[in-house]
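What's in coords.pdb: PDB, C-alpha atoms and all ligand atoms
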```pdb
ATOM      1  CA  MET A  86       2.208  20.325   7.959
ATOM      2  CA  HIS A  87       2.275  17.701   5.205
ATOM      3  CA  SER A  88       0.523  14.369   4.877
ATOM      4  CA  ALA A  89       0.048  11.272   2.744
ATOM      5  CA  PRO A  90      -2.869   8.821   2.597
ATOM      6  CA  ALA A  91      -2.986   5.057   3.061
ATOM      7  CA  LYS A  92      -3.665   2.856   0.031
ATOM      8  CA  ILE A  93      -5.753  -0.141  -0.906
ATOM      9  CA  ILE A  94      -4.830  -2.597  -3.645
ATOM     10  CA  LEU A  95      -8.033  -3.514  -5.457
ATOM     11  CA  PHE A  96      -6.524  -6.095  -7.825
ATOM     12  CA  GLY A  97      -3.209  -7.645  -8.791
ATOM     13  CA  GLU A  98      -1.000  -7.717  -5.677
ATOM     14  CA  HIS A  99       2.025 -10.010  -5.893
ATOM     15  CA  ALA A 100       1.602 -10.633  -9.637
ATOM     16  CA  VAL A 101       2.464  -6.930 -10.105
ATOM     17  CA  VAL A 102       5.980  -7.700  -8.847
ATOM     18  CA  TYR A 103       6.291 -10.020 -11.915
ATOM     19  CA  GLY A 104       5.132  -7.485 -14.486
ATOM     20  CA  GLN A 105       1.349  -7.994 -14.413
ATOM     21  CA  PRO A 106      -0.946  -4.970 -14.061
ATOM     22  CA  ALA A 107      -2.532  -4.022 -10.735
ATOM     23  CA  ILE A 108      -5.123  -1.496  -9.582
ATOM     24  CA  ALA A 109      -4.804   0.585  -6.421
ATOM     25  CA  VAL A 110      -6.651   3.514  -4.857
ATOM     26  CA  PRO A 111      -5.742   5.955  -2.085
ATOM     27  CA  PHE A 112      -7.561   5.476   1.229
ATOM     28  CA  SER A 113      -7.601   8.853   2.931
ATOM     29  CA  ALA A 114      -9.532   7.853   6.075
ATOM     30  CA  LEU A 115      -6.086   6.755   7.268
ATOM     31  CA  SER A 116      -3.025   8.953   6.842
ATOM     32  CA  ALA A 117       0.463   9.925   7.984
ATOM     33  CA  THR A 118       1.283  13.534   8.883
ATOM     34  CA  ALA A 119       4.527  15.383   9.492
ATOM     35  CA  ASP A 120       4.890  18.757  11.160
ATOM     36  CA  SER A 121       8.105  20.594  12.001
ATOM     37  CA  ILE A 122       9.450  23.365  14.204
ATOM     38  CA  ALA A 123      12.804  25.144  14.099
ATOM     39  CA  ALA A 124      15.248  23.807  16.682
ATOM     40  CA  PRO A 125      18.082  25.676  18.453
ATOM     41  CA  ASP A 126      21.388  26.078  16.585
ATOM     42  CA  GLY A 127      23.611  23.033  16.746
ATOM     43  CA  THR A 128      20.805  20.553  17.521
ATOM     44  CA  GLY A 129      20.560  19.298  13.915
ATOM     45  CA  LEU A 130      17.730  17.273  12.428
ATOM     46  CA  THR A 131      15.563  15.172  14.734
ATOM     47  CA  ILE A 132      12.573  13.032  13.790
ATOM     48  CA  ILE A 133      10.130  12.107  16.539
ATOM     49  CA  ALA A 134       8.190   9.058  15.354
ATOM     50  CA  HIS A 135       5.366   9.172  17.898
ATOM     51  CA  ASP A 136       3.581   5.955  16.945
ATOM     52  CA  VAL A 137       6.649   3.780  17.350
ATOM     53  CA  GLY A 138       8.056   5.818  20.256
ATOM     54  CA  ARG A 139      11.366   6.604  18.547
ATOM     55  CA  VAL A 140      13.523   9.715  18.467
ATOM     56  CA  LEU A 141      15.913   9.675  15.509
ATOM     57  CA  HIS A 142      18.851  11.989  14.891
ATOM     58  CA  VAL A 143      19.776  12.266  11.236
ATOM     59  CA  TYR A 144      23.454  12.486  10.241
ATOM     60  CA  LEU A 145      24.579  12.544   6.631
ATOM     61  CA  ASP A 146      27.705  10.482   7.276
ATOM     62  CA  ASP A 147      25.738   7.515   8.669
ATOM     63  CA  ASP A 148      26.116   5.200   5.642
ATOM     64  CA  SER A 149      23.943   2.322   6.756
ATOM     65  CA  PRO A 150      20.992   3.691   8.701
ATOM     66  CA  ASP A 151      18.978   0.942  10.372
ATOM     67  CA  ASN A 152      15.810   2.979  10.165
ATOM     68  CA  ALA A 153      13.720   3.752   7.070
ATOM     69  CA  LEU A 154      12.801   7.246   8.324
ATOM     70  CA  THR A 155      16.438   8.169   8.845
ATOM     71  CA  TYR A 156      17.143   6.857   5.351
ATOM     72  CA  ALA A 157      14.247   8.882   3.873
ATOM     73  CA  ALA A 158      15.577  12.054   5.488
ATOM     74  CA  GLN A 159      19.136  11.350   4.254
ATOM     75  CA  LEU A 160      17.905  10.762   0.696
ATOM     76  CA  THR A 161      16.049  14.076   0.813
ATOM     77  CA  LEU A 162      19.102  15.984   2.066
ATOM     78  CA  ARG A 163      21.327  14.400  -0.594
ATOM     79  CA  LYS A 164      18.802  15.104  -3.353
ATOM     80  CA  LEU A 165      18.665  18.765  -2.320
ATOM     81  CA  HIS A 166      22.432  19.014  -1.575
ATOM     82  CA  ALA A 167      21.547  20.246   1.908
ATOM     83  CA  ARG A 168      23.120  19.822   5.341
ATOM     84  CA  PRO A 169      20.805  18.620   8.135
ATOM     85  CA  PRO A 170      18.890  21.751   9.218
ATOM     86  CA  ASN A 171      18.200  22.590  12.877
ATOM     87  CA  LEU A 172      14.702  21.176  12.776
ATOM     88  CA  THR A 173      12.482  18.809  14.744
ATOM     89  CA  ILE A 174       9.923  16.857  12.731
ATOM     90  CA  ASP A 175       6.926  15.313  14.474
ATOM     91  CA  LEU A 176       5.652  12.299  12.594
ATOM     92  CA  ARG A 177       2.289  10.693  13.370
ATOM     93  CA  SER A 178       0.241   8.084  11.551
ATOM     94  CA  THR A 179      -3.207   6.553  11.935
ATOM     95  CA  ILE A 180      -2.298   3.772   9.472
ATOM     96  CA  PRO A 181      -1.889   0.337  11.089
ATOM     97  CA  VAL A 182       1.635  -0.984  10.458
ATOM     98  CA  ALA A 183       2.173  -4.190   8.435
ATOM     99  CA  SER A 184      -1.529  -4.335   7.528
ATOM    100  CA  GLY A 185      -1.500  -3.873   3.767
ATOM    101  CA  PHE A 186      -2.305  -0.151   3.917
ATOM    102  CA  GLY A 187       1.076   1.145   2.733
ATOM    103  CA  SER A 188       2.043   2.635   6.082
ATOM    104  CA  GLY A 189       5.777   2.648   5.249
ATOM    105  CA  ALA A 190       5.319   4.556   1.978
ATOM    106  CA  ALA A 191       2.876   7.018   3.569
ATOM    107  CA  VAL A 192       5.143   7.991   6.487
ATOM    108  CA  SER A 193       8.106   8.359   4.092
ATOM    109  CA  ALA A 194       6.057  10.568   1.739
ATOM    110  CA  ALA A 195       4.790  12.802   4.581
ATOM    111  CA  LEU A 196       8.295  13.117   6.052
ATOM    112  CA  ILE A 197       9.988  13.945   2.719
ATOM    113  CA  ARG A 198       7.279  16.494   1.904
ATOM    114  CA  GLU A 199       7.733  18.247   5.257
ATOM    115  CA  LEU A 200      11.536  18.201   5.224
ATOM    116  CA  SER A 201      11.897  19.343   1.601
ATOM    117  CA  ALA A 202       9.364  22.161   2.165
ATOM    118  CA  ALA A 203      11.242  23.266   5.299
ATOM    119  CA  LEU A 204      14.405  23.396   3.171
ATOM    120  CA  GLY A 205      12.613  25.649   0.679
ATOM    121  CA  SER A 206      12.524  23.095  -2.185
ATOM    122  CA  PRO A 207       9.260  21.122  -1.860
ATOM    123  CA  LEU A 208       9.542  17.718  -3.533
ATOM    124  CA  GLU A 209       6.421  16.385  -5.247
ATOM    125  CA  GLY A 210       5.346  14.170  -8.145
ATOM    126  CA  ASP A 211       7.944  11.946  -9.822
ATOM    127  CA  GLN A 212      10.846  13.267  -7.743
ATOM    128  CA  LEU A 213       9.065  12.485  -4.472
ATOM    129  CA  ASN A 214       7.891   9.140  -5.843
ATOM    130  CA  ALA A 215      11.461   8.127  -6.751
ATOM    131  CA  LEU A 216      12.689   8.853  -3.217
ATOM    132  CA  VAL A 217       9.820   7.007  -1.531
ATOM    133  CA  PHE A 218      10.475   4.048  -3.858
ATOM    134  CA  GLU A 219      14.108   3.956  -2.668
ATOM    135  CA  VAL A 220      12.881   3.782   0.932
ATOM    136  CA  GLU A 221      10.356   1.082  -0.016
ATOM    137  CA  LYS A 222      13.263  -1.116  -1.113
ATOM    138  CA  MET A 223      14.474  -1.008   2.485
ATOM    139  CA  HIS A 224      11.011  -2.073   3.702
ATOM    140  CA  HIS A 225      10.146  -4.609   1.031
ATOM    141  CA  GLY A 226      13.266  -5.806  -0.766
ATOM    142  CA  THR A 227      11.837  -6.002  -4.305
ATOM    143  CA  PRO A 228       8.787  -3.728  -4.361
ATOM    144  CA  SER A 229       6.893  -3.218  -7.604
ATOM    145  CA  GLY A 230       6.494   0.506  -6.909
ATOM    146  CA  ILE A 231       2.684   0.461  -6.785
ATOM    147  CA  ASP A 232       2.406   1.476  -3.111
ATOM    148  CA  ASN A 233       4.594   4.580  -3.318
ATOM    149  CA  THR A 234       3.022   5.589  -6.659
ATOM    150  CA  VAL A 235      -0.624   5.502  -5.530
ATOM    151  CA  ILE A 236       0.247   7.182  -2.228
ATOM    152  CA  VAL A 237       2.296   9.980  -3.791
ATOM    153  CA  LYS A 238      -0.147  10.572  -6.691
ATOM    154  CA  ASN A 239      -3.182  10.289  -4.397
ATOM    155  CA  THR A 240      -5.393   9.103  -7.247
ATOM    156  CA  PRO A 241      -6.675   5.690  -8.477
ATOM    157  CA  ILE A 242      -4.054   4.010 -10.664
ATOM    158  CA  TYR A 243      -3.716   1.124 -13.086
ATOM    159  CA  PHE A 244      -0.072   0.228 -12.670
ATOM    160  CA  VAL A 245       2.400  -1.866 -14.652
ATOM    161  CA  ARG A 246       5.909  -2.182 -13.272
ATOM    162  CA  ASP A 247       8.467  -0.278 -15.393
ATOM    163  CA  ALA A 248       5.644   1.283 -17.463
ATOM    164  CA  GLY A 249       4.374   3.262 -14.448
ATOM    165  CA  PRO A 250       0.823   4.388 -13.687
ATOM    166  CA  GLN A 251      -1.940   4.907 -16.216
ATOM    167  CA  ALA A 252      -4.972   7.044 -15.556
ATOM    168  CA  PHE A 253      -8.318   5.297 -15.748
ATOM    169  CA  THR A 254     -11.864   6.368 -15.083
ATOM    170  CA  ILE A 255     -14.243   4.964 -12.526
ATOM    171  CA  GLY A 256     -17.491   4.719 -14.485
ATOM    172  CA  ARG A 257     -19.687   4.599 -11.397
ATOM    173  CA  PRO A 258     -18.556   5.106  -7.776
ATOM    174  CA  PHE A 259     -18.580   1.897  -5.743
ATOM    175  CA  THR A 260     -18.619   1.119  -2.056
ATOM    176  CA  LEU A 261     -16.061  -0.976  -0.242
ATOM    177  CA  VAL A 262     -16.025  -2.432   3.234
ATOM    178  CA  ILE A 263     -12.414  -2.616   4.385
ATOM    179  CA  ALA A 264     -11.599  -4.927   7.266
ATOM    180  CA  ASP A 265      -8.312  -5.011   9.147
ATOM    181  CA  SER A 266      -7.694  -8.550  10.377
ATOM    182  CA  GLY A 267      -5.599  -7.113  13.213
ATOM    183  CA  ILE A 268      -2.829  -9.534  12.245
ATOM    184  CA  ALA A 269       0.431  -7.841  11.292
ATOM    185  CA  ALA A 270       2.257  -9.468   8.384
ATOM    186  CA  SER A 271       5.464  -8.355   6.733
ATOM    187  CA  THR A 272       5.171  -7.662   2.998
ATOM    188  CA  ARG A 273       8.904  -8.304   2.706
ATOM    189  CA  GLU A 274       8.284 -11.862   3.953
ATOM    190  CA  THR A 275       5.222 -12.608   1.828
ATOM    191  CA  VAL A 276       6.935 -11.267  -1.302
ATOM    192  CA  ALA A 277      10.009 -13.366  -0.492
ATOM    193  CA  ALA A 278       7.836 -16.457   0.110
ATOM    194  CA  VAL A 279       6.170 -16.080  -3.296
ATOM    195  CA  ARG A 280       9.606 -15.567  -4.878
ATOM    196  CA  LYS A 281      10.780 -18.860  -3.394
ATOM    197  CA  LEU A 282       7.751 -20.726  -4.754
ATOM    198  CA  TYR A 283       8.230 -19.118  -8.160
ATOM    199  CA  GLU A 284      11.902 -20.064  -8.285
ATOM    200  CA  ALA A 285      11.091 -23.675  -7.369
ATOM    201  CA  LYS A 286       8.300 -23.996  -9.986
ATOM    202  CA  PRO A 287       8.507 -21.084 -12.445
ATOM    203  CA  ALA A 288       6.016 -22.443 -14.987
ATOM    204  CA  ARG A 289       3.331 -23.158 -12.378
ATOM    205  CA  TYR A 290       3.631 -19.754 -10.693
ATOM    206  CA  GLN A 291       3.987 -17.840 -13.964
ATOM    207  CA  GLN A 292       0.644 -19.359 -14.925
ATOM    208  CA  LEU A 293      -0.921 -18.025 -11.697
ATOM    209  CA  PHE A 294       0.544 -14.557 -12.314
ATOM    210  CA  ASP A 295      -0.834 -14.653 -15.867
ATOM    211  CA  GLN A 296      -4.278 -15.616 -14.505
ATOM    212  CA  ILE A 297      -4.154 -12.588 -12.217
ATOM    213  CA  GLY A 298      -3.228 -10.399 -15.201
ATOM    214  CA  VAL A 299      -6.360 -11.558 -17.036
ATOM    215  CA  ILE A 300      -8.473 -10.801 -13.938
ATOM    216  CA  VAL A 301      -6.997  -7.305 -13.516
ATOM    217  CA  ARG A 302      -7.678  -6.381 -17.159
ATOM    218  CA  ALA A 303     -11.264  -7.611 -16.858
ATOM    219  CA  ALA A 304     -11.644  -5.727 -13.571
ATOM    220  CA  LYS A 305     -10.368  -2.501 -15.155
ATOM    221  CA  ALA A 306     -13.013  -2.739 -17.880
ATOM    222  CA  ALA A 307     -15.720  -3.501 -15.296
ATOM    223  CA  ILE A 308     -14.646  -0.500 -13.166
ATOM    224  CA  GLU A 309     -14.587   1.812 -16.199
ATOM    225  CA  GLN A 310     -18.066   0.666 -17.195
ATOM    226  CA  GLY A 311     -19.435   0.707 -13.643
ATOM    227  CA  ARG A 312     -20.440  -2.975 -13.619
ATOM    228  CA  TRP A 313     -20.464  -3.671  -9.872
ATOM    229  CA  ALA A 314     -21.413  -7.352 -10.105
ATOM    230  CA  ASP A 315     -18.498  -8.015 -12.473
ATOM    231  CA  ILE A 316     -16.042  -6.107 -10.286
ATOM    232  CA  GLY A 317     -17.169  -8.276  -7.364
ATOM    233  CA  GLN A 318     -16.826 -11.458  -9.390
ATOM    234  CA  GLN A 319     -13.274 -10.543 -10.407
ATOM    235  CA  MET A 320     -12.473  -9.906  -6.735
ATOM    236  CA  ASN A 321     -13.610 -13.423  -5.881
ATOM    237  CA  LEU A 322     -11.524 -14.869  -8.728
ATOM    238  CA  ASN A 323      -8.470 -12.825  -7.663
ATOM    239  CA  HIS A 324      -8.797 -14.070  -4.070
ATOM    240  CA  ALA A 325      -8.844 -17.680  -5.287
ATOM    241  CA  VAL A 326      -5.552 -17.207  -7.155
ATOM    242  CA  LEU A 327      -4.034 -15.462  -4.120
ATOM    243  CA  GLN A 328      -4.987 -18.575  -2.132
ATOM    244  CA  ASP A 329      -3.085 -20.645  -4.700
ATOM    245  CA  LEU A 330      -0.125 -18.300  -4.217
ATOM    246  CA  THR A 331      -0.353 -19.228  -0.474
ATOM    247  CA  VAL A 332      -0.696 -15.622   0.673
ATOM    248  CA  SER A 333      -4.168 -15.960   2.179
ATOM    249  CA  SER A 334      -4.712 -17.463   5.627
ATOM    250  CA  GLU A 335      -7.473 -19.091   7.650
ATOM    251  CA  VAL A 336      -8.398 -15.751   9.209
ATOM    252  CA  LEU A 337      -8.442 -13.860   5.876
ATOM    253  CA  ASP A 338     -10.496 -16.621   4.240
ATOM    254  CA  ARG A 339     -12.959 -16.457   7.139
ATOM    255  CA  LEU A 340     -13.385 -12.670   6.738
ATOM    256  CA  VAL A 341     -13.822 -13.011   2.966
ATOM    257  CA  GLN A 342     -16.406 -15.769   3.478
ATOM    258  CA  ALA A 343     -18.311 -13.750   6.099
ATOM    259  CA  ALA A 344     -18.486 -10.747   3.739
ATOM    260  CA  ARG A 345     -19.829 -12.890   0.906
ATOM    261  CA  GLU A 346     -22.402 -14.602   3.138
ATOM    262  CA  ALA A 347     -23.607 -11.163   4.295
ATOM    263  CA  GLY A 348     -24.314 -10.252   0.657
ATOM    264  CA  ALA A 349     -21.088  -8.644  -0.579
ATOM    265  CA  LEU A 350     -20.806  -8.717  -4.382
ATOM    266  CA  GLY A 351     -17.216  -9.931  -4.006
ATOM    267  CA  ALA A 352     -14.368 -10.000  -1.505
ATOM    268  CA  LYS A 353     -10.623 -10.598  -1.419
ATOM    269  CA  LEU A 354      -7.521 -10.035   0.624
ATOM    270  CA  SER A 355      -5.686  -6.815  -0.223
ATOM    271  CA  GLY A 356      -1.934  -6.155  -0.075
ATOM    272  CA  GLY A 357       0.770  -8.591   0.943
ATOM    273  CA  GLY A 358      -1.589 -11.028   2.685
ATOM    274  CA  ARG A 359      -1.145 -13.707   5.411
ATOM    275  CA  GLY A 360      -2.527 -10.954   7.645
ATOM    276  CA  GLY A 361      -3.406  -7.343   6.977
ATOM    277  CA  ASN A 362      -6.685  -6.409   5.389
ATOM    278  CA  VAL A 363      -9.594  -7.720   3.369
ATOM    279  CA  ILE A 364     -11.855  -5.682   1.055
ATOM    280  CA  ALA A 365     -15.459  -6.364   0.042
ATOM    281  CA  LEU A 366     -17.516  -4.683  -2.671
ATOM    282  CA  VAL A 367     -21.042  -3.991  -1.428
ATOM    283  CA  GLU A 368     -24.302  -2.394  -2.420
ATOM    284  CA  PRO A 369     -24.240   0.880  -0.419
ATOM    285  CA  ALA A 370     -27.382  -0.104   1.479
ATOM    286  CA  ASN A 371     -25.738  -3.355   2.590
ATOM    287  CA  ALA A 372     -22.437  -1.849   3.811
ATOM    288  CA  LYS A 373     -23.322  -1.795   7.519
ATOM    289  CA  ARG A 374     -24.524  -5.388   7.446
ATOM    290  CA  VAL A 375     -21.334  -6.643   5.739
ATOM    291  CA  ALA A 376     -19.130  -4.615   8.100
ATOM    292  CA  ALA A 377     -20.937  -6.086  11.122
ATOM    293  CA  ALA A 378     -20.568  -9.603   9.703
ATOM    294  CA  VAL A 379     -16.800  -9.314   9.212
ATOM    295  CA  ARG A 380     -16.381  -7.847  12.699
ATOM    296  CA  GLN A 381     -18.414 -10.772  14.028
ATOM    297  CA  ALA A 382     -16.030 -13.072  12.123
ATOM    298  CA  GLY A 383     -13.066 -11.506  13.927
ATOM    299  CA  ALA A 384     -12.014  -8.303  12.102
ATOM    300  CA  ALA A 385     -10.276  -5.865  14.453
ATOM    301  CA  HIS A 386     -11.604  -2.804  12.639
ATOM    302  CA  THR A 387     -13.802  -1.988   9.639
ATOM    303  CA  TRP A 388     -14.258   1.080   7.434
ATOM    304  CA  VAL A 389     -16.761   1.875   4.687
ATOM    305  CA  THR A 390     -15.476   3.968   1.814
ATOM    306  CA  THR A 391     -16.668   5.075  -1.615
ATOM    307  CA  VAL A 392     -14.199   4.785  -4.483
ATOM    308  CA  GLY A 393     -14.541   7.326  -7.276
ATOM    309  CA  GLY A 394     -17.145   9.525  -5.603
TER     310      GLY A 394
HETATM  311  C1  LIG B 401       1.982  -4.714  -1.390
HETATM  312  O1  LIG B 401       1.113  -3.662  -1.084
HETATM  313  C2  LIG B 401       1.789  -5.165  -2.814
HETATM  314  C3  LIG B 401       2.688  -6.325  -3.260
HETATM  315  O2  LIG B 401       2.280  -6.611  -4.604
HETATM  316  C4  LIG B 401       4.135  -5.960  -3.213
HETATM  317  C5  LIG B 401       4.537  -4.925  -4.254
HETATM  318  O3  LIG B 401       3.840  -4.727  -5.224
HETATM  319  O4  LIG B 401       5.625  -4.345  -4.060
HETATM  320  C6  LIG B 401       2.442  -7.555  -2.432
END
```
Spell out the structure here as structure tokens.
Amino acid sequence: MHSAPAKIILFGEHAVVYGQPAIAVPFSALSATADSIAAPDGTGLTIIAHDVGRVLHVYLDDDSPDNALTYAAQLTLRKLHARPPNLTIDLRSTIPVASGFGSGAAVSAALIRELSAALGSPLEGDQLNALVFEVEKMHHGTPSGIDNTVIVKNTPIYFVRDAGPQAFTIGRPFTLVIADSGIAASTRETVAAVRKLYEAKPARYQQLFDQIGVIVRAAKAAIEQGRWADIGQQMNLNHAVLQDLTVSSEVLDRLVQAAREAGALGAKLSGGGRGGNVIALVEPANAKRVAAAVRQAGAAHTWVTTVGG
């Protein structure tokens, strides 16, 4: 059995696609898992994707698979110069789809881990990351690579496109309330929408991306030095620029507002936006109150997690 966690973007989504830094952490309360059993001779490779109710047969000569899981399995077989084995892989995930938690990257990572291990050549690290990134392109069009990287590395990362991840230290663990709005939103569409705005007014949008870059660098320093109030303030500033990028929504703004009114030190949308999830930095003693307030404001689900503990 192999698995991969969900992820949360703390700072820098969207601008990271344009070369600005971003910060992401794994979120292991949600995960994807893959388990496999040998199948009778001649049955080939089958993936049972339980959460979406699909049974997929993987053939190497299918050149344009319409499914990301089939594509992930093909990439793995090609990488390892292997024929489809007689194997059935059960894939399950507790990560809500299209909610900013990196569900696509996590199921791909769990599947590739299980399949490559079953073939006797377990793929990990940079090799696994490169394959999951290829699959991400099918999901997202022009991904920055932050989702697959934080999910595969399973550690907090400061990420700059093309430069890759940099390690950084969390000076003092901090507590987040994570709220799923319950509204599914496609990252492919939000990224494409921002691209369209950028192409229409490059100078204006470049300025917004640059502003986010300044926020992310300040947030990194605040995280390293354990300054909770400053981390929260940078979250509020980042949310305001994401509003300018048009990727927030009435519902996300309402959840962010509710968190702040309940005493959160800062709150913002996280991930692609227009749906998906919102994160709030809280004093540990205030976590329950903030979580209740965002549920009252309409969140479908909330979690409390400690980053860097
Ligand atoms: C999605 O989790 C993060 C975005 O910045 C897209 C990307 O980086 O590929 C919106």
Between A:Ile132, A:Val235, A:Val336, A:Ile180, which is the closest to ligand LIG 401 (chain B) once you count all atoms listed in the file?
->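 The shortest atom-to-atom distance to ligand LIG 401 (chain B) comes from A:Val235.
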Given the PyMOL selection byres (((not hetatm)) within 10 of (chain B and resi 401)), the residues it picks as a ChimeraX atom specification | /A:92-94,96-105,107,109,183-188,190,218,221-222,224-233,244-246,271-277,279,332,355-358,361
Create the file for the chosen residues now, containing C-alpha atoms and written as an mmCIF file, in the frame of the given file.
```cif
data_model
loop_
_atom_site.group_PDB
_atom_site.id
_atom_site.type_symbol
_atom_site.label_atom_id
_atom_site.label_comp_id
_atom_site.auth_asym_id
_atom_site.auth_seq_id
_atom_site.Cartn_x
_atom_site.Cartn_y
_atom_site.Cartn_z
ATOM 1 C CA LYS A 92 -3.665 2.856 0.031
ATOM 2 C CA ILE A 93 -5.753 -0.141 -0.906
ATOM 3 C CA ILE A 94 -4.830 -2.597 -3.645
ATOM 4 C CA PHE A 96 -6.524 -6.095 -7.825
ATOM 5 C CA GLY A 97 -3.209 -7.645 -8.791
ATOM 6 C CA GLU A 98 -1.000 -7.717 -5.677
ATOM 7 C CA HIS A 99 2.025 -10.010 -5.893
ATOM 8 C CA ALA A 100 1.602 -10.633 -9.637
ATOM 9 C CA VAL A 101 2.464 -6.930 -10.105
ATOM 10 C CA VAL A 102 5.980 -7.700 -8.847
ATOM 11 C CA TYR A 103 6.291 -10.020 -11.915
ATOM 12 C CA GLY A 104 5.132 -7.485 -14.486
ATOM 13 C CA GLN A 105 1.349 -7.994 -14.413
ATOM 14 C CA ALA A 107 -2.532 -4.022 -10.735
ATOM 15 C CA ALA A 109 -4.804 0.585 -6.421
ATOM 16 C CA ALA A 183 2.173 -4.190 8.435
ATOM 17 C CA SER A 184 -1.529 -4.335 7.528
ATOM 18 C CA GLY A 185 -1.500 -3.873 3.767
ATOM 19 C CA PHE A 186 -2.305 -0.151 3.917
ATOM 20 C CA GLY A 187 1.076 1.145 2.733
ATOM 21 C CA SER A 188 2.043 2.635 6.082
ATOM 22 C CA ALA A 190 5.319 4.556 1.978
ATOM 23 C CA PHE A 218 10.475 4.048 -3.858
ATOM 24 C CA GLU A 221 10.356 1.082 -0.016
ATOM 25 C CA LYS A 222 13.263 -1.116 -1.113
ATOM 26 C CA HIS A 224 11.011 -2.073 3.702
ATOM 27 C CA HIS A 225 10.146 -4.609 1.031
ATOM 28 C CA GLY A 226 13.266 -5.806 -0.766
ATOM 29 C CA THR A 227 11.837 -6.002 -4.305
ATOM 30 C CA PRO A 228 8.787 -3.728 -4.361
ATOM 31 C CA SER A 229 6.893 -3.218 -7.604
ATOM 32 C CA GLY A 230 6.494 0.506 -6.909
ATOM 33 C CA ILE A 231 2.684 0.461 -6.785
ATOM 34 C CA ASP A 232 2.406 1.476 -3.111
ATOM 35 C CA ASN A 233 4.594 4.580 -3.318
ATOM 36 C CA PHE A 244 -0.072 0.228 -12.670
ATOM 37 C CA VAL A 245 2.400 -1.866 -14.652
ATOM 38 C CA ARG A 246 5.909 -2.182 -13.272
ATOM 39 C CA SER A 271 5.464 -8.355 6.733
ATOM 40 C CA THR A 272 5.171 -7.662 2.998
ATOM 41 C CA ARG A 273 8.904 -8.304 2.706
ATOM 42 C CA GLU A 274 8.284 -11.862 3.953
ATOM 43 C CA THR A 275 5.222 -12.608 1.828
ATOM 44 C CA VAL A 276 6.935 -11.267 -1.302
ATOM 45 C CA ALA A 277 10.009 -13.366 -0.492
ATOM 46 C CA VAL A 279 6.170 -16.080 -3.296
ATOM 47 C CA VAL A 332 -0.696 -15.622 0.673
ATOM 48 C CA SER A 355 -5.686 -6.815 -0.223
ATOM 49 C CA GLY A 356 -1.934 -6.155 -0.075
ATOM 50 C CA GLY A 357 0.770 -8.591 0.943
ATOM 51 C CA GLY A 358 -1.589 -11.028 2.685
ATOM 52 C CA GLY A 361 -3.406 -7.343 6.977
#
```
Identify, on the basis of only C-alpha atoms, every residue whose closest approach to A:Pro125 does not exceed 10 Å; exclude the query and any residue fewer than 2 positions from it along the same chain; express the result as a PyMOL selection string.
-> chain A and resi 122-123+127-129+171-173
Picked residues, the PyMOL selection byres (((chain A and resi 253) around 7) and not hetatm), as a list of chain:residue names =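 Applying the expression gives A:Ile242, A:Tyr243, A:Gln251, A:Ala252, A:Thr254, A:Ile255.
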Could you save the residues just selected, with C-alpha atoms, as a PDB file, keeping the file's coordinate frame?
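Done, and the output landed in out.pdb:
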```
ATOM      1  CA  ILE A 242      -4.054   4.010 -10.664  1.00  0.00           C
ATOM      2  CA  TYR A 243      -3.716   1.124 -13.086  1.00  0.00           C
ATOM      3  CA  GLN A 251      -1.940   4.907 -16.216  1.00  0.00           C
ATOM      4  CA  ALA A 252      -4.972   7.044 -15.556  1.00  0.00           C
ATOM      5  CA  THR A 254     -11.864   6.368 -15.083  1.00  0.00           C
ATOM      6  CA  ILE A 255     -14.243   4.964 -12.526  1.00  0.00           C
TER       7      ILE A 255
END
```
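Interatomic distance, atom CA of A:Ala376 to atom CA of A:Leu340: 10.0 Å.
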By how many Å are atom CA of A:Gly360 and atom CA of A:Ala278 apart?
-> 13.9 Å
Gap from atom CA of A:Glu309 to atom CA of A:Thr260 - Å, one decimal =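 Separation between atom CA of A:Glu309 and atom CA of A:Thr260: 14.7 Å.
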Of the candidates A:Asp265, A:Glu199, A:Asp151, A:Glu346, which one gets nearest to A:Val367 if we count all atoms listed in the file?
-> A:Glu346
Nearest to A:Met320, chosen from A:Thr387, A:Leu261, A:Ala377, A:Ser266, with only C-alpha atoms counted in the distances |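 Of the candidates, the smallest distance to A:Met320 is held by A:Leu261.
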Given only C-alpha atoms as the counted atoms, nearest of A:Val220, A:Ala382, A:Ala264, A:Ala270 to A:Pro150 =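 Ranking A:Val220, A:Ala382, A:Ala264, A:Ala270 by distance to A:Pro150, first place goes to A:Val220.
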On this file, the PyMOL selection byres (((chain A and resi 155-159) around 9) and not hetatm) gives some set of residues; write that set as a PyMOL selection string.
-> chain A and resi 130+132+141-145+147+149-154+160-164+169+193-194+196-197+200+216-217+219-220+223
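The shortest atom-to-atom distance to A:Pro258, with all atoms listed in the file taken into account, belongs to A:Leu366 out of A:Leu208, A:Val192, A:Val299, A:Leu366.
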Polymer residues at most 9 Å from A:Ser178, only C-alpha atoms, same-chain spacing of 4 or more positions, as a list in words = Leu115, Ser116, Ala117, Thr118, Ala119, Ala134, His135, Asp136, Ser188, Ala191 and Val192 of chain A
Could you give me, as a ChimeraX atom specification, the residues within 8 Å of stretch 281-293 of chain A, counting all atoms listed in the file and dropping anything in the same chain fewer than 5 positions from it?
-> /A:326,329-330
Write the residues of the preceding selection, restricted to C-alpha atoms, as a compact mmCIF listing (two decimals), keeping the file's coordinate frame.
```
# COMPACT_ATOMS: atom_id res chain seq x y z
CA VAL A 326 -5.55 -17.21 -7.16
CA ASP A 329 -3.08 -20.64 -4.70
CA LEU A 330 -0.12 -18.30 -4.22
```
How big is the axis-aligned box around the listed atoms of stretch 336-348 of chain A once 4 Å is added on each side, and where is its centre? Give both in Å to one decimal, as JSON.
```
{"center_x": -16.4, "center_y": -13.4, "center_z": 4.9, "size_x": 23.9, "size_y": 14.4, "size_z": 16.6}
```
